[in-house]
Amino acid sequence: MGKIRLHNDDLGYETNCFVCEQTNEAGLRIPFFHDLDRGLVTAEFTLSDAFSGAPTMLHGGVTLAVLDEAMAWACIAIGRQWAVTSETSTKFHRAIYVDKPHVVEAEIVEQSDSEIVTAGRILNLKGVVRAESTATFTALGEAQLKRAVGETGDIDDSMTLD
């Protein structure tokens, strides 16, 4: 089946997302994909020392942002709901190094009309888990959605395959 590139533009609104927006010069510019075969949201990324904490390691807050973004895209692409993070927990198993390629993956663990539970992980290219996270997202109601993204916000199947 393949992968679908996830674009904010395809969802009908503009954003300056720190993690995924390709035109945000101060951001991470990580491109996310919906892997239809595996039922995951994924992204490959390599971040420079501009995002370090310790001199050779990715800042923990940046790591959390990458995991949160992947899990939020899972809510949209897999769960077909707009939602915001209400609770999260992360375990850092090993350092995530700057200037080294990594993969982030996220999936839906459980879903109801009002909540979505997600899981995410960052791995190196050998498949070793560096950090993993779980998060509960609260689905946005119609009024909240309009405040967040305007009059648009329909999640449909119009995203094209790469």
# chains A, B, ... in the order shown; residues from 1 in each chain; ligands from 1
>>> select_by_dssp(residues="segment 34-160 of chain A", states="alpha helix (DSSP H)", output="list in words")
Gly60, Gly61, Val62, Thr63, Leu64, Ala65, Val66, Leu67, Asp68, Glu69, Ala70, Met71, Ala72, Trp73, Ala74, Cys75, Ile76, Ala77, Glu142, Ala143, Gln144, Leu145, Lys146, Arg147, Ala148 and Val149 of chain A
>>> closest_atom_pairs(of="segment 39-75 of chain A", to="segment 120-124 of chain A", cutoff="9 Å", atoms="only C-alpha atoms", output="CSV")
residue,atom,partner,partner_atom,distance
A:Thr63,CA,A:Ile122,CA,8.5
A:Val66,CA,A:Ile122,CA,8.7
A:Leu67,CA,A:Gly120,CA,6.0
A:Asp68,CA,A:Gly120,CA,8.0
A:Ala70,CA,A:Gly120,CA,7.1
A:Met71,CA,A:Gly120,CA,6.2
>>> residues_around(residues="segment 82-86 of chain A", least_positions_apart="5", cutoff="7 Å", atoms="only C-alpha atoms", output="PDB file with N, CA, C and O atoms, in the first residue's frame")
ATOM      1  N   CYS A  75      -2.914  10.593  15.892  1.00  0.00           N
ATOM      2  CA  CYS A  75      -4.320  10.912  16.182  1.00  0.00           C
ATOM      3  C   CYS A  75      -5.036  11.357  14.914  1.00  0.00           C
ATOM      4  O   CYS A  75      -6.172  10.952  14.656  1.00  0.00           O
ATOM      5  N   ILE A  76      -4.360  12.187  14.106  1.00  0.00           N
ATOM      6  CA  ILE A  76      -4.974  12.715  12.891  1.00  0.00           C
ATOM      7  C   ILE A  76      -5.056  11.653  11.796  1.00  0.00           C
ATOM      8  O   ILE A  76      -6.118  11.384  11.250  1.00  0.00           O
ATOM      9  N   ALA A 135       1.109   8.687  25.557  1.00  0.00           N
ATOM     10  CA  ALA A 135       0.384   9.936  25.786  1.00  0.00           C
ATOM     11  C   ALA A 135      -1.098   9.710  25.613  1.00  0.00           C
ATOM     12  O   ALA A 135      -1.528   8.898  24.795  1.00  0.00           O
ATOM     13  N   THR A 136      -1.864  10.458  26.387  1.00  0.00           N
ATOM     14  CA  THR A 136      -3.304  10.512  26.228  1.00  0.00           C
ATOM     15  C   THR A 136      -3.631  11.852  25.595  1.00  0.00           C
ATOM     16  O   THR A 136      -3.165  12.895  26.052  1.00  0.00           O
ATOM     17  N   PHE A 137      -4.400  11.809  24.528  1.00  0.00           N
ATOM     18  CA  PHE A 137      -4.846  13.006  23.830  1.00  0.00           C
ATOM     19  C   PHE A 137      -6.346  13.165  24.055  1.00  0.00           C
ATOM     20  O   PHE A 137      -7.081  12.174  24.063  1.00  0.00           O
ATOM     21  N   THR A 138      -6.779  14.392  24.218  1.00  0.00           N
ATOM     22  CA  THR A 138      -8.196  14.702  24.350  1.00  0.00           C
ATOM     23  C   THR A 138      -8.700  15.206  23.007  1.00  0.00           C
ATOM     24  O   THR A 138      -8.134  16.147  22.438  1.00  0.00           O
ATOM     25  N   ALA A 139      -9.742  14.561  22.505  1.00  0.00           N
ATOM     26  CA  ALA A 139     -10.323  14.950  21.219  1.00  0.00           C
ATOM     27  C   ALA A 139     -10.955  16.336  21.353  1.00  0.00           C
ATOM     28  O   ALA A 139     -11.576  16.655  22.362  1.00  0.00           O
ATOM     29  N   LEU A 140     -10.745  17.154  20.323  1.00  0.00           N
ATOM     30  CA  LEU A 140     -11.315  18.495  20.318  1.00  0.00           C
ATOM     31  C   LEU A 140     -12.774  18.460  19.894  1.00  0.00           C
ATOM     32  O   LEU A 140     -13.136  17.780  18.935  1.00  0.00           O
TER      33      LEU A 140
END
>>> closest_residue(among="A:Val41, A:Ile96, A:Val103, A:Gln144", to="Ala119 of chain A", atoms="only C-alpha atoms")
A:Val41
>>> closest_residue(among="A:Leu58, A:Val129, A:Ile108, A:Leu28", to="Gln81 of chain A", atoms="only C-alpha atoms")
A:Ile108
>>> atom_distance(atom1="atom CA of Ala95 of chain A", atom2="atom CA of Gln22 of chain A")
25.8 Å
>>> residues_around(residues="Ser52 of chain A", least_positions_apart="3", cutoff="12 Å", atoms="only C-alpha atoms", output="ChimeraX atom specification")
/A:46-49,55-63,95-99
>>> closest_residue(among="A:Val117, A:Pro101, A:Ala74, A:Asp35", to="Ser89 of chain A", atoms="only C-alpha atoms")
A:Val117
>>> select_by_dssp(residues="segment 4-145 of chain A", states="strand (DSSP E)", output="number ranges by chain")
A: 4-6, 32-35, 40-45, 83-92, 102-111, 115-124, 129-139
>>> atom_distance(atom1="atom CA of Glu25 of chain A", atom2="atom CA of Ala54 of chain A")
22.7 Å
>>> decode(residues="segment 66-84 of chain A", atoms="N, CA and C atoms", output="PDB file, in the first residue's frame")
ATOM      1  N   VAL A  66       9.503  15.907  19.425  1.00  0.00           N
ATOM      2  CA  VAL A  66       9.454  14.986  18.283  1.00  0.00           C
ATOM      3  C   VAL A  66       8.472  13.850  18.581  1.00  0.00           C
ATOM      4  N   LEU A  67       8.556  13.279  19.767  1.00  0.00           N
ATOM      5  CA  LEU A  67       7.633  12.205  20.135  1.00  0.00           C
ATOM      6  C   LEU A  67       6.188  12.700  20.166  1.00  0.00           C
ATOM      7  N   ASP A  68       5.956  13.867  20.756  1.00  0.00           N
ATOM      8  CA  ASP A  68       4.611  14.424  20.839  1.00  0.00           C
ATOM      9  C   ASP A  68       4.036  14.680  19.448  1.00  0.00           C
ATOM     10  N   GLU A  69       4.852  15.212  18.555  1.00  0.00           N
ATOM     11  CA  GLU A  69       4.381  15.494  17.194  1.00  0.00           C
ATOM     12  C   GLU A  69       3.998  14.210  16.458  1.00  0.00           C
ATOM     13  N   ALA A  70       4.821  13.179  16.601  1.00  0.00           N
ATOM     14  CA  ALA A  70       4.511  11.905  15.951  1.00  0.00           C
ATOM     15  C   ALA A  70       3.198  11.334  16.478  1.00  0.00           C
ATOM     16  N   MET A  71       3.003  11.409  17.792  1.00  0.00           N
ATOM     17  CA  MET A  71       1.770  10.876  18.372  1.00  0.00           C
ATOM     18  C   MET A  71       0.559  11.733  17.990  1.00  0.00           C
ATOM     19  N   ALA A  72       0.747  13.049  17.864  1.00  0.00           N
ATOM     20  CA  ALA A  72      -0.353  13.912  17.408  1.00  0.00           C
ATOM     21  C   ALA A  72      -0.740  13.580  15.972  1.00  0.00           C
ATOM     22  N   TRP A  73       0.256  13.355  15.110  1.00  0.00           N
ATOM     23  CA  TRP A  73      -0.039  12.950  13.729  1.00  0.00           C
ATOM     24  C   TRP A  73      -0.746  11.592  13.710  1.00  0.00           C
ATOM     25  N   ALA A  74      -0.417  10.702  14.649  1.00  0.00           N
ATOM     26  CA  ALA A  74      -1.128   9.417  14.716  1.00  0.00           C
ATOM     27  C   ALA A  74      -2.611   9.640  15.010  1.00  0.00           C
ATOM     28  N   CYS A  75      -2.914  10.593  15.892  1.00  0.00           N
ATOM     29  CA  CYS A  75      -4.320  10.912  16.182  1.00  0.00           C
ATOM     30  C   CYS A  75      -5.036  11.357  14.914  1.00  0.00           C
ATOM     31  N   ILE A  76      -4.360  12.187  14.106  1.00  0.00           N
ATOM     32  CA  ILE A  76      -4.974  12.715  12.891  1.00  0.00           C
ATOM     33  C   ILE A  76      -5.056  11.653  11.796  1.00  0.00           C
ATOM     34  N   ALA A  77      -3.910  11.054  11.472  1.00  0.00           N
ATOM     35  CA  ALA A  77      -3.833  10.156  10.317  1.00  0.00           C
ATOM     36  C   ALA A  77      -4.472   8.792  10.575  1.00  0.00           C
ATOM     37  N   ILE A  78      -4.251   8.237  11.757  1.00  0.00           N
ATOM     38  CA  ILE A  78      -4.761   6.903  12.063  1.00  0.00           C
ATOM     39  C   ILE A  78      -6.103   6.983  12.794  1.00  0.00           C
ATOM     40  N   GLY A  79      -6.154   7.830  13.827  1.00  0.00           N
ATOM     41  CA  GLY A  79      -7.367   7.958  14.637  1.00  0.00           C
ATOM     42  C   GLY A  79      -8.446   8.815  14.017  1.00  0.00           C
ATOM     43  N   ARG A  80      -8.080   9.610  12.994  1.00  0.00           N
ATOM     44  CA  ARG A  80      -9.014  10.471  12.266  1.00  0.00           C
ATOM     45  C   ARG A  80      -9.720  11.472  13.176  1.00  0.00           C
ATOM     46  N   GLN A  81      -8.990  11.948  14.209  1.00  0.00           N
ATOM     47  CA  GLN A  81      -9.528  12.927  15.137  1.00  0.00           C
ATOM     48  C   GLN A  81      -8.489  14.002  15.416  1.00  0.00           C
ATOM     49  N   TRP A  82      -8.970  15.238  15.578  1.00  0.00           N
ATOM     50  CA  TRP A  82      -8.127  16.320  16.063  1.00  0.00           C
ATOM     51  C   TRP A  82      -8.089  16.204  17.573  1.00  0.00           C
ATOM     52  N   ALA A  83      -6.905  16.255  18.157  1.00  0.00           N
ATOM     53  CA  ALA A  83      -6.777  16.079  19.597  1.00  0.00           C
ATOM     54  C   ALA A  83      -5.537  16.805  20.102  1.00  0.00           C
ATOM     55  N   VAL A  84      -5.535  17.102  21.399  1.00  0.00           N
ATOM     56  CA  VAL A  84      -4.395  17.752  22.040  1.00  0.00           C
ATOM     57  C   VAL A  84      -3.905  16.882  23.194  1.00  0.00           C
TER      58      VAL A  84
END
